[in-house]
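Novice: So that you have it, the file is input.cif, and it contains mmCIF, C-alpha atoms:
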data_my_file
#
loop_
_atom_site.label_atom_id
_atom_site.label_comp_id
_atom_site.auth_asym_id
_atom_site.auth_seq_id
_atom_site.Cartn_x
_atom_site.Cartn_y
_atom_site.Cartn_z
CA MET F 137 0.00 0.00 0.00
CA ASP F 138 1.47 3.31 -0.97
CA LYS F 139 -1.50 5.64 -0.60
CA PRO F 140 -3.69 6.54 2.33
CA ILE F 141 -6.89 4.58 2.77
CA ILE F 142 -9.90 6.24 4.33
CA SER F 143 -12.67 4.11 5.73
CA GLY F 144 -15.33 5.88 7.75
CA ASP F 145 -13.70 7.35 10.80
CA THR F 146 -10.28 5.91 10.08
CA ILE F 147 -7.35 6.82 7.87
CA THR F 148 -4.47 4.43 7.33
CA ILE F 149 -1.20 5.60 5.85
CA PRO F 150 2.08 3.98 4.91
CA SER F 151 4.94 4.97 7.14
CA SER F 152 6.03 8.09 5.34
CA LEU F 153 5.95 11.70 6.47
CA ASP F 154 4.73 12.55 2.97
CA HIS F 155 1.25 11.64 4.22
CA LEU F 156 1.11 14.02 7.17
CA ALA F 157 -0.95 16.45 5.13
CA ASP F 158 -3.44 13.68 4.23
CA VAL F 159 -3.96 12.92 7.91
CA ASP F 160 -4.29 16.60 8.75
CA LEU F 161 -6.91 17.11 6.06
CA PHE F 162 -8.87 14.08 7.28
CA ILE F 163 -8.74 15.08 10.93
CA GLU F 164 -9.57 18.76 10.45
CA SER F 165 -12.47 17.85 8.18
CA ALA F 166 -13.85 15.46 10.79
CA LEU F 167 -13.40 18.02 13.55
CA ARG F 168 -15.40 20.56 11.59
CA GLU F 169 -18.15 18.00 10.99
CA TYR F 170 -18.31 17.48 14.75
CA GLY F 171 -18.83 21.22 15.17
CA THR F 172 -15.50 21.69 16.92
CA PRO F 173 -14.90 25.35 17.76
CA GLN F 174 -12.33 26.71 15.30
CA VAL F 175 -10.12 27.92 18.14
CA LEU F 176 -9.57 24.30 19.25
CA ILE F 177 -8.78 22.80 15.87
CA PRO F 178 -5.09 23.85 15.65
CA ASP F 179 -4.24 22.34 19.05
CA ILE F 180 -5.84 19.04 18.09
CA ALA F 181 -4.26 19.08 14.63
CA ILE F 182 -0.83 19.83 16.09
CA SER F 183 -1.20 16.96 18.57
CA VAL F 184 -2.23 14.48 15.89
CA SER F 185 0.69 15.56 13.70
CA GLU F 186 3.06 14.97 16.60
CA LEU F 187 1.72 11.46 17.18
CA VAL F 188 1.78 10.54 13.51
CA ASN F 189 5.34 11.86 13.19
CA ASN F 190 6.36 9.67 16.12
CA ALA F 191 4.47 6.65 14.82
CA VAL F 192 6.16 6.91 11.42
CA MET F 193 9.65 7.75 12.61
CA HIS F 194 10.00 5.96 15.93
CA GLY F 195 7.28 3.34 15.98
CA ASN F 196 7.49 2.04 12.44
CA LYS F 197 10.99 3.36 11.65
CA GLN F 198 9.65 4.56 8.27
CA SER F 199 9.22 0.98 7.13
CA ARG F 200 6.92 1.00 4.09
CA ASP F 201 5.61 -2.43 5.16
CA LYS F 202 4.15 -0.93 8.30
CA MET F 203 1.10 1.26 8.61
CA VAL F 204 -0.08 4.04 10.86
CA THR F 205 -3.78 4.12 11.63
CA VAL F 206 -5.59 7.21 12.88
CA ARG F 207 -9.15 6.85 14.15
CA ILE F 208 -11.34 9.72 15.28
CA SER F 209 -14.51 9.42 17.30
CA ARG F 210 -16.80 11.51 19.44
CA ALA F 211 -17.62 10.60 23.00
CA ASN F 212 -20.14 12.89 24.68
CA ASN F 213 -18.65 16.36 24.53
CA ALA F 214 -15.16 15.26 23.64
CA VAL F 215 -13.30 14.08 20.58
CA LEU F 216 -11.04 11.05 20.83
CA ILE F 217 -8.26 10.33 18.35
CA ALA F 218 -6.29 7.11 18.45
CA VAL F 219 -2.97 6.80 16.58
CA THR F 220 -1.65 3.26 16.21
CA ASP F 221 1.66 2.07 14.82
CA GLN F 222 3.05 -1.40 14.21
CA GLY F 223 6.28 -0.99 16.11
CA THR F 224 7.67 -2.76 19.12
CA GLY F 225 6.54 -0.33 21.79
CA PHE F 226 8.39 2.13 24.00
CA ASP F 227 8.64 3.19 27.61
CA PRO F 228 6.99 6.61 28.07
CA GLY F 229 9.03 6.98 31.25
CA GLU F 230 12.20 7.16 29.20
CA ILE F 231 11.20 10.35 27.42
CA GLN F 232 13.38 13.18 28.59
CA ASN F 233 11.83 16.42 29.77
CA PRO F 234 12.33 18.94 26.95
CA ILE F 235 12.02 21.94 29.25
CA ASP F 236 14.92 20.89 31.43
CA ASN F 237 17.79 23.31 30.80
CA GLU F 238 20.05 20.65 29.35
CA ASN F 239 17.41 19.72 26.77
CA LEU F 240 16.15 23.17 25.82
CA LEU F 241 18.32 23.53 22.71
CA LYS F 242 17.82 20.00 21.46
CA ALA F 243 16.12 19.89 18.07
CA VAL F 244 14.01 16.84 18.95
CA GLY F 245 12.12 15.39 21.87
CA ARG F 246 9.17 17.77 22.31
CA GLY F 247 6.38 15.85 20.62
CA ILE F 248 4.76 14.00 23.52
CA PHE F 249 5.33 16.95 25.84
CA ILE F 250 3.43 19.24 23.47
CA VAL F 251 0.61 16.71 23.14
CA ARG F 252 0.29 16.41 26.92
CA SER F 253 0.20 20.21 27.19
CA LEU F 254 -2.46 20.73 24.55
CA MET F 255 -4.81 17.79 25.10
CA ASP F 256 -7.09 16.98 28.04
CA THR F 257 -6.22 13.29 28.10
CA VAL F 258 -3.34 11.24 26.71
CA ASP F 259 -3.45 7.48 27.04
CA ILE F 260 -0.40 5.52 25.89
CA VAL F 261 -0.70 1.79 25.39
CA PRO F 262 2.61 0.33 24.20
CA GLY F 263 2.80 -3.23 23.01
CA PRO F 264 5.12 -5.66 21.25
CA ASN F 265 3.02 -5.48 18.07
CA GLY F 266 2.28 -1.80 18.11
CA THR F 267 1.55 1.22 20.24
CA THR F 268 -1.71 3.11 20.43
CA ILE F 269 -1.84 6.62 21.79
CA THR F 270 -5.33 8.02 22.33
CA ILE F 271 -5.81 11.71 22.92
CA GLY F 272 -8.97 13.41 24.08
CA LYS F 273 -10.16 16.99 24.00
CA ALA F 274 -13.44 18.50 25.17
CA ILE F 275 -15.03 20.31 22.27
CA ALA F 276 -18.28 21.46 23.84
CA MET G 252 3.59 24.90 3.28
CA LYS G 253 4.99 27.42 0.86
CA LEU G 254 8.19 29.29 1.48
CA SER G 255 9.42 32.64 0.22
CA ASP G 256 12.83 34.04 0.94
CA ARG G 257 14.53 37.37 0.30
CA ILE G 258 17.29 39.62 1.55
CA GLN G 259 16.54 42.88 3.31
CA ASP G 260 19.43 45.12 4.39
CA GLY G 261 21.75 42.13 4.39
CA VAL G 262 19.41 40.01 6.50
CA VAL G 263 17.85 36.82 5.19
CA ILE G 264 14.06 36.86 5.54
CA LEU G 265 12.32 33.50 5.44
CA GLU G 266 8.56 33.64 5.01
CA PRO G 267 6.88 30.28 5.46
CA LYS G 268 3.15 30.18 4.74
CA GLY G 269 0.73 27.53 5.88
CA LYS G 270 1.32 24.70 8.33
CA ILE G 271 4.73 23.37 9.34
CA MET G 272 3.99 19.83 10.41
CA GLY G 273 7.06 17.88 9.45
CA GLY G 274 7.99 15.85 6.40
CA PRO G 275 8.35 17.77 3.13
CA ASP G 276 7.59 21.22 4.55
CA ALA G 277 10.05 20.85 7.36
CA SER G 278 12.68 19.71 4.85
CA LEU G 279 12.02 22.72 2.63
CA LEU G 280 12.45 25.15 5.52
CA HIS G 281 15.55 23.35 6.74
CA ASP G 282 17.20 23.16 3.32
CA THR G 283 16.50 26.79 2.47
CA LEU G 284 17.85 27.99 5.80
CA TYR G 285 20.99 25.90 5.52
CA ASP G 286 21.59 26.95 1.91
CA TYR G 287 21.89 30.50 3.19
CA ILE G 288 24.10 29.45 6.09
CA LYS G 289 26.43 27.67 3.66
CA LYS G 290 26.64 30.92 1.70
CA ASP G 291 27.88 32.55 4.89
CA ARG G 292 24.70 34.47 5.61
CA ARG G 293 24.63 34.86 9.37
CA LYS G 294 21.62 37.09 10.01
CA VAL G 295 18.25 35.42 9.60
CA VAL G 296 14.71 36.50 10.43
CA VAL G 297 11.89 33.99 10.18
CA ASP G 298 8.60 35.79 9.59
CA LEU G 299 5.93 33.57 11.14
CA GLY G 300 3.02 35.86 10.38
CA GLN G 301 1.54 33.54 7.77
CA VAL G 302 2.12 30.27 9.56
CA ASP G 303 -1.21 28.72 10.62
CA TRP G 304 0.53 26.46 13.09
CA MET G 305 3.70 24.50 13.55
CA ASN G 306 4.58 21.41 15.54
CA SER G 307 7.80 20.27 17.16
CA SER G 308 9.33 19.54 13.74
CA GLY G 309 9.12 23.22 12.88
CA LEU G 310 10.41 24.21 16.29
CA GLY G 311 13.29 21.78 15.86
CA ILE G 312 14.36 23.39 12.63
CA LEU G 313 14.25 26.85 14.18
CA ILE G 314 16.30 25.66 17.13
CA ALA G 315 18.84 23.88 14.97
CA GLY G 316 19.19 26.97 12.78
CA TYR G 317 19.47 29.21 15.82
CA THR G 318 22.20 27.03 17.34
CA THR G 319 24.18 26.73 14.11
CA LEU G 320 24.08 30.47 13.51
CA ARG G 321 24.91 31.31 17.11
CA ASN G 322 27.91 28.98 16.98
CA ASN G 323 29.09 30.85 13.90
CA GLU G 324 28.67 34.35 15.31
CA GLY G 325 25.30 34.77 13.68
CA MET G 326 21.72 34.91 14.90
CA LEU G 327 18.23 33.75 14.01
CA LYS G 328 15.32 35.90 15.16
CA LEU G 329 11.56 35.68 14.82
CA ALA G 330 9.02 38.20 13.60
CA ASN G 331 5.21 38.38 13.60
CA VAL G 332 4.78 35.50 15.99
CA THR G 333 1.09 34.57 16.06
CA ASP G 334 -0.75 33.80 19.28
CA LYS G 335 -0.77 30.08 18.48
CA ILE G 336 2.96 29.92 17.95
CA GLN G 337 3.61 32.17 20.94
CA SER G 338 1.63 29.69 23.01
CA LEU G 339 3.81 26.86 21.75
CA LEU G 340 7.00 28.79 22.43
CA THR G 341 5.77 29.48 25.96
CA ILE G 342 4.80 25.87 26.65
CA THR G 343 8.19 24.63 25.50
CA LYS G 344 10.07 27.46 27.25
CA LEU G 345 11.58 28.50 23.94
CA VAL G 346 10.47 32.05 24.65
CA GLN G 347 13.68 32.15 26.66
CA VAL G 348 15.69 31.30 23.55
CA PHE G 349 14.28 33.25 20.63
CA GLU G 350 14.21 37.00 20.26
CA ALA G 351 10.87 37.94 18.70
CA PHE G 352 9.74 41.18 17.12
CA ASP G 353 6.41 42.63 16.08
CA SER G 354 7.58 43.21 12.53
CA VAL G 355 10.25 42.12 10.08
CA ASP G 356 11.52 45.70 9.93
CA ASP G 357 12.01 45.77 13.69
CA ALA G 358 13.80 42.44 13.57
CA VAL G 359 16.09 43.61 10.76
CA ARG G 360 16.88 46.84 12.62
CA SER G 361 17.87 44.86 15.69
CA PHE G 362 20.87 43.47 13.82
CA LYS G 363 22.41 46.92 13.47
#
In structure tokens, how does this file's structure come out?
Specialist:
Amino acid sequence: MDKPIISGDTITIPSSLDHLADVDLFIESALREYGTPQVLIPDIAISVSELVNNAVMHGNKQSRDKMVTVRISRANNAVLIAVTDQGTGFDPGEIQNPIDNENLLKAVGRGIFIVRSLMDTVDIVPGPNGTTITIGKAIA
Amino acid sequence: MKLSDRIQDGVVILEPKGKIMGGPDASLLHDTLYDYIKKDRRKVVVDLGQVDWMNSSGLGILIAGYTTLRNNEGMLKLANVTDKIQSLLTITKLVQVFEAFDSVDDAVRSFK
């Protein structure tokens, strides 16, 4: 598979950063359909882009044989977005704090921190066959 | 993302437009910035006024450019930082790193 596949509330992409824009288009369109206030859309879009970046680069190591799946749903007054890779998992506890002085000028390492700052909930489920990170944001 | 670049009073002005989310747009910004650095341009202003939003990939490029220029007696500064990007800079404590100005002209003048 070398192109994104959209099926209902889910988009699946090959592990390439070339498809970030496809995911963004899908997510922002869905958010608008849910009636998400415009002021909230960038924070959610940024968070999804961070998770997809990580899934492609770190989870799937840009392997074209592996996919990243992004599923969006609405639960009461919140939107939930689950990003799943097919990697071997990671330990969230090993992520360094990007706002520590020694890390401030590092070019990488801010993704999860930004997601945690912008979203209401972040649930990380690592596993040997893939990791799913589900983020939630109240939209009403 | 689209990217324009120009020189104003000896200062490189980079003008990204759209979203900087990683992948091809991040590469374009990175490559353009480093092309100028290789040509020994040491004063850079990134005009963020037309950037809808950026993620950590965009921030990473700005930081890498800032560090490279600073280590070579140069400087990278920001102009027209939108509220959304200002929020991101605050969250990540990068407000302590980057000098930001309300306009490109102000940023260019600061190099004198």
Novice: At most 12 Å is the cut-off: for each residue in chain G with any atom that close to an atom of chain F, write down the nearest atom pair and the distance in Å rounded to one decimal, counting only C-alpha atoms, chain first then increasing number, as CSV.
Specialist:
residue,atom,partner,partner_atom,distance
G:Met252,CA,F:Ala157,CA,9.8
G:Gly269,CA,F:Ala157,CA,11.2
G:Lys270,CA,F:Ala157,CA,9.1
G:Ile271,CA,F:Ile182,CA,9.4
G:Met272,CA,F:Ser185,CA,6.3
G:Gly273,CA,F:Leu153,CA,7.0
G:Gly274,CA,F:Leu153,CA,4.6
G:Pro275,CA,F:Asp154,CA,6.4
G:Asp276,CA,F:Asp154,CA,9.3
G:Ala277,CA,F:Leu153,CA,10.1
G:Ser278,CA,F:Leu153,CA,10.6
G:His281,CA,F:Ala243,CA,11.9
G:Val302,CA,F:Pro178,CA,11.4
G:Asp303,CA,F:Pro178,CA,8.0
G:Trp304,CA,F:Pro178,CA,6.7
G:Met305,CA,F:Ile182,CA,7.0
G:Asn306,CA,F:Ile182,CA,5.7
G:Ser307,CA,F:Gly247,CA,5.8
G:Ser308,CA,F:Val244,CA,7.5
G:Gly309,CA,F:Ala243,CA,9.3
G:Leu310,CA,F:Ala243,CA,7.4
G:Gly311,CA,F:Ala243,CA,4.1
G:Ile312,CA,F:Ala243,CA,6.7
G:Leu313,CA,F:Ala243,CA,8.2
G:Ile314,CA,F:Ala243,CA,5.8
G:Ala315,CA,F:Ala243,CA,5.7
G:Gly316,CA,F:Ala243,CA,9.4
G:Tyr317,CA,F:Leu241,CA,9.0
G:Thr318,CA,F:Leu241,CA,7.5
G:Thr319,CA,F:Leu241,CA,10.9
G:Arg321,CA,F:Leu241,CA,11.6
G:Asp334,CA,F:Val175,CA,11.1
G:Lys335,CA,F:Pro178,CA,8.1
G:Ile336,CA,F:Pro178,CA,10.3
G:Ser338,CA,F:Leu254,CA,10.0
G:Leu339,CA,F:Ile250,CA,7.8
G:Leu340,CA,F:Ile250,CA,10.2
G:Thr341,CA,F:Ile235,CA,10.3
G:Ile342,CA,F:Ser253,CA,7.3
G:Thr343,CA,F:Ile235,CA,6.0
G:Lys344,CA,F:Ile235,CA,6.2
G:Leu345,CA,F:Leu240,CA,7.3
G:Val346,CA,F:Leu240,CA,10.6
G:Gln347,CA,F:Leu240,CA,9.4
G:Val348,CA,F:Leu241,CA,8.2
G:Phe349,CA,F:Leu241,CA,10.7
Novice: Given the choices F:Met255, F:Ile149, F:Ile260, F:Ile217, which gets closest to F:Asp201 if the distance is worked out from all atoms listed in the file?
Specialist: F:Ile149
Novice: Evaluate the PyMOL selection byres ((chain G and resi 330) around 8) against this structure - the residues, as a ChimeraX atom specification, please.
Specialist: /G:296-300,328-329,331-332,351-355,358
Novice: Could you tell me how far atom CA of G:Lys268 lies from atom CA of G:Gln301, in Å and to one decimal?
Specialist: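 Computing the Euclidean distance for atom CA of G:Lys268 and atom CA of G:Gln301 yields 4.8 Å.
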Novice: Identify, on the basis of all atoms listed in the file, every residue whose closest approach to F:Asn265 does not exceed 9 Å; exclude the query and any residue fewer than 5 positions from it along the same chain; express the result as a PyMOL selection string.
Specialist: chain F and resi 221-225
Novice: For each of F:Thr267, F:Ser151, F:Asp158, F:Ile142, take the minimum atom-to-atom distance to F:Asp227, counting all atoms listed in the file, then give the residue where this is smallest.
Specialist: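 Among the listed residues, the smallest separation from F:Asp227 belongs to F:Thr267.
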Novice: To one decimal place in Å, what is the distance between atom CA of G:Thr333 and atom CA of F:Asn213?
Specialist: 28.2 Å
Novice: Ranking F:Asn239, F:Thr220, F:Ser143, F:Ser209 by minimum distance to F:Lys273 and counting only C-alpha atoms, which one comes first?
Specialist: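 Distance minimum relative to F:Lys273 lands on F:Ser209.
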Novice: Show me, as a PyMOL selection string, the residues that have an atom within 10 Å of F:Ala166 when counting all atoms listed in the file, minus same-chain residues fewer than 6 positions from it.
Specialist: chain F and resi 145+160+172+208-210+215
Novice: I'd like the interatomic distance between atom CA of F:Lys202 and atom CA of F:Ile177, to a tenth of an Å.
Specialist: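 Computing the Euclidean distance for atom CA of F:Lys202 and atom CA of F:Ile177 yields 28.1 Å.
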Novice: So, counting all atoms listed in the file, which residue among G:Val262, G:Ser255, G:Pro267, G:Asn323 is closest to G:Asp356?
Specialist: G:Val262
Novice: Given 8 Å of margin on each side, can you work out the centre and size in Å (one decimal) of an axis-aligned box holding every listed atom of stretch 275-281 of chain G, as JSON?
Specialist:
{"center_x": 11.6, "center_y": 21.5, "center_z": 5.0, "size_x": 24.0, "size_y": 23.4, "size_z": 20.7}
Novice: Of the candidates F:Val192, F:Ile269, F:Met203, F:Ile275, which one gets nearest to F:Glu169 if we count all atoms listed in the file?
Specialist: F:Ile275
Novice: Apply the PyMOL selection byres ((chain G and resi 259) around 12) to the structure shown and report the selected residues as a list in words.
Specialist: Asp256, Arg257, Ile258, Asp260, Gly261, Val262, Val263, Ile264, Leu265, Arg292, Lys294, Val295, Val296, Val355, Asp356, Asp357, Ala358, Val359, Arg360 and Phe362 of chain G
Novice: Here's the selection I'm unsure about, the PyMOL selection byres ((chain F and resi 147) around 6); applied to the file above, which residues does it give, as JSON, numbers by chain?
Specialist: {"F": [141, 142, 146, 148, 205, 206]}
Novice: Some atoms are absent from stretch 291-307 of chain G, so rebuild N, CA and C atoms and return them as an mmCIF file, in the frame of the given file.
Specialist:
data_model
loop_
_atom_site.group_PDB
_atom_site.id
_atom_site.type_symbol
_atom_site.label_atom_id
_atom_site.label_comp_id
_atom_site.auth_asym_id
_atom_site.auth_seq_id
_atom_site.Cartn_x
_atom_site.Cartn_y
_atom_site.Cartn_z
ATOM 1 N N ASP G 291 27.327 31.661 3.891
ATOM 2 C CA ASP G 291 27.880 32.550 4.890
ATOM 3 C C ASP G 291 26.961 33.709 5.277
ATOM 4 N N ARG G 292 25.679 33.485 5.115
ATOM 5 C CA ARG G 292 24.700 34.470 5.610
ATOM 6 C C ARG G 292 24.481 34.163 7.082
ATOM 7 N N ARG G 293 24.688 35.148 7.941
ATOM 8 C CA ARG G 293 24.630 34.860 9.370
ATOM 9 C C ARG G 293 23.505 35.585 10.098
ATOM 10 N N LYS G 294 22.736 36.378 9.363
ATOM 11 C CA LYS G 294 21.620 37.090 10.010
ATOM 12 C C LYS G 294 20.331 36.606 9.336
ATOM 13 N N VAL G 295 19.479 36.012 10.146
ATOM 14 C CA VAL G 295 18.250 35.420 9.600
ATOM 15 C C VAL G 295 17.053 35.858 10.445
ATOM 16 N N VAL G 296 15.990 36.249 9.763
ATOM 17 C CA VAL G 296 14.710 36.500 10.430
ATOM 18 C C VAL G 296 13.687 35.561 9.818
ATOM 19 N N VAL G 297 12.975 34.842 10.668
ATOM 20 C CA VAL G 297 11.890 33.990 10.180
ATOM 21 C C VAL G 297 10.574 34.699 10.493
ATOM 22 N N ASP G 298 9.880 35.090 9.460
ATOM 23 C CA ASP G 298 8.600 35.790 9.590
ATOM 24 C C ASP G 298 7.491 34.733 9.708
ATOM 25 N N LEU G 299 6.929 34.619 10.891
ATOM 26 C CA LEU G 299 5.930 33.570 11.140
ATOM 27 C C LEU G 299 4.492 34.068 11.003
ATOM 28 N N GLY G 300 4.341 35.254 10.459
ATOM 29 C CA GLY G 300 3.020 35.860 10.380
ATOM 30 C C GLY G 300 1.998 35.098 9.550
ATOM 31 N N GLN G 301 2.479 34.274 8.612
ATOM 32 C CA GLN G 301 1.540 33.540 7.770
ATOM 33 C C GLN G 301 1.562 32.039 8.037
ATOM 34 N N VAL G 302 2.090 31.688 9.185
ATOM 35 C CA VAL G 302 2.120 30.270 9.560
ATOM 36 C C VAL G 302 0.875 29.967 10.390
ATOM 37 N N ASP G 303 0.031 29.069 9.910
ATOM 38 C CA ASP G 303 -1.210 28.720 10.620
ATOM 39 C C ASP G 303 -0.867 28.068 11.956
ATOM 40 N N TRP G 304 0.001 27.077 11.875
ATOM 41 C CA TRP G 304 0.530 26.460 13.090
ATOM 42 C C TRP G 304 1.770 25.659 12.732
ATOM 43 N N MET G 305 2.570 25.361 13.757
ATOM 44 C CA MET G 305 3.700 24.500 13.550
ATOM 45 C C MET G 305 3.777 23.510 14.709
ATOM 46 N N ASN G 306 4.389 22.370 14.463
ATOM 47 C CA ASN G 306 4.580 21.410 15.540
ATOM 48 C C ASN G 306 6.059 21.354 15.925
ATOM 49 N N SER G 307 6.425 20.323 16.658
ATOM 50 C CA SER G 307 7.800 20.270 17.160
ATOM 51 C C SER G 307 8.815 20.122 16.034
#
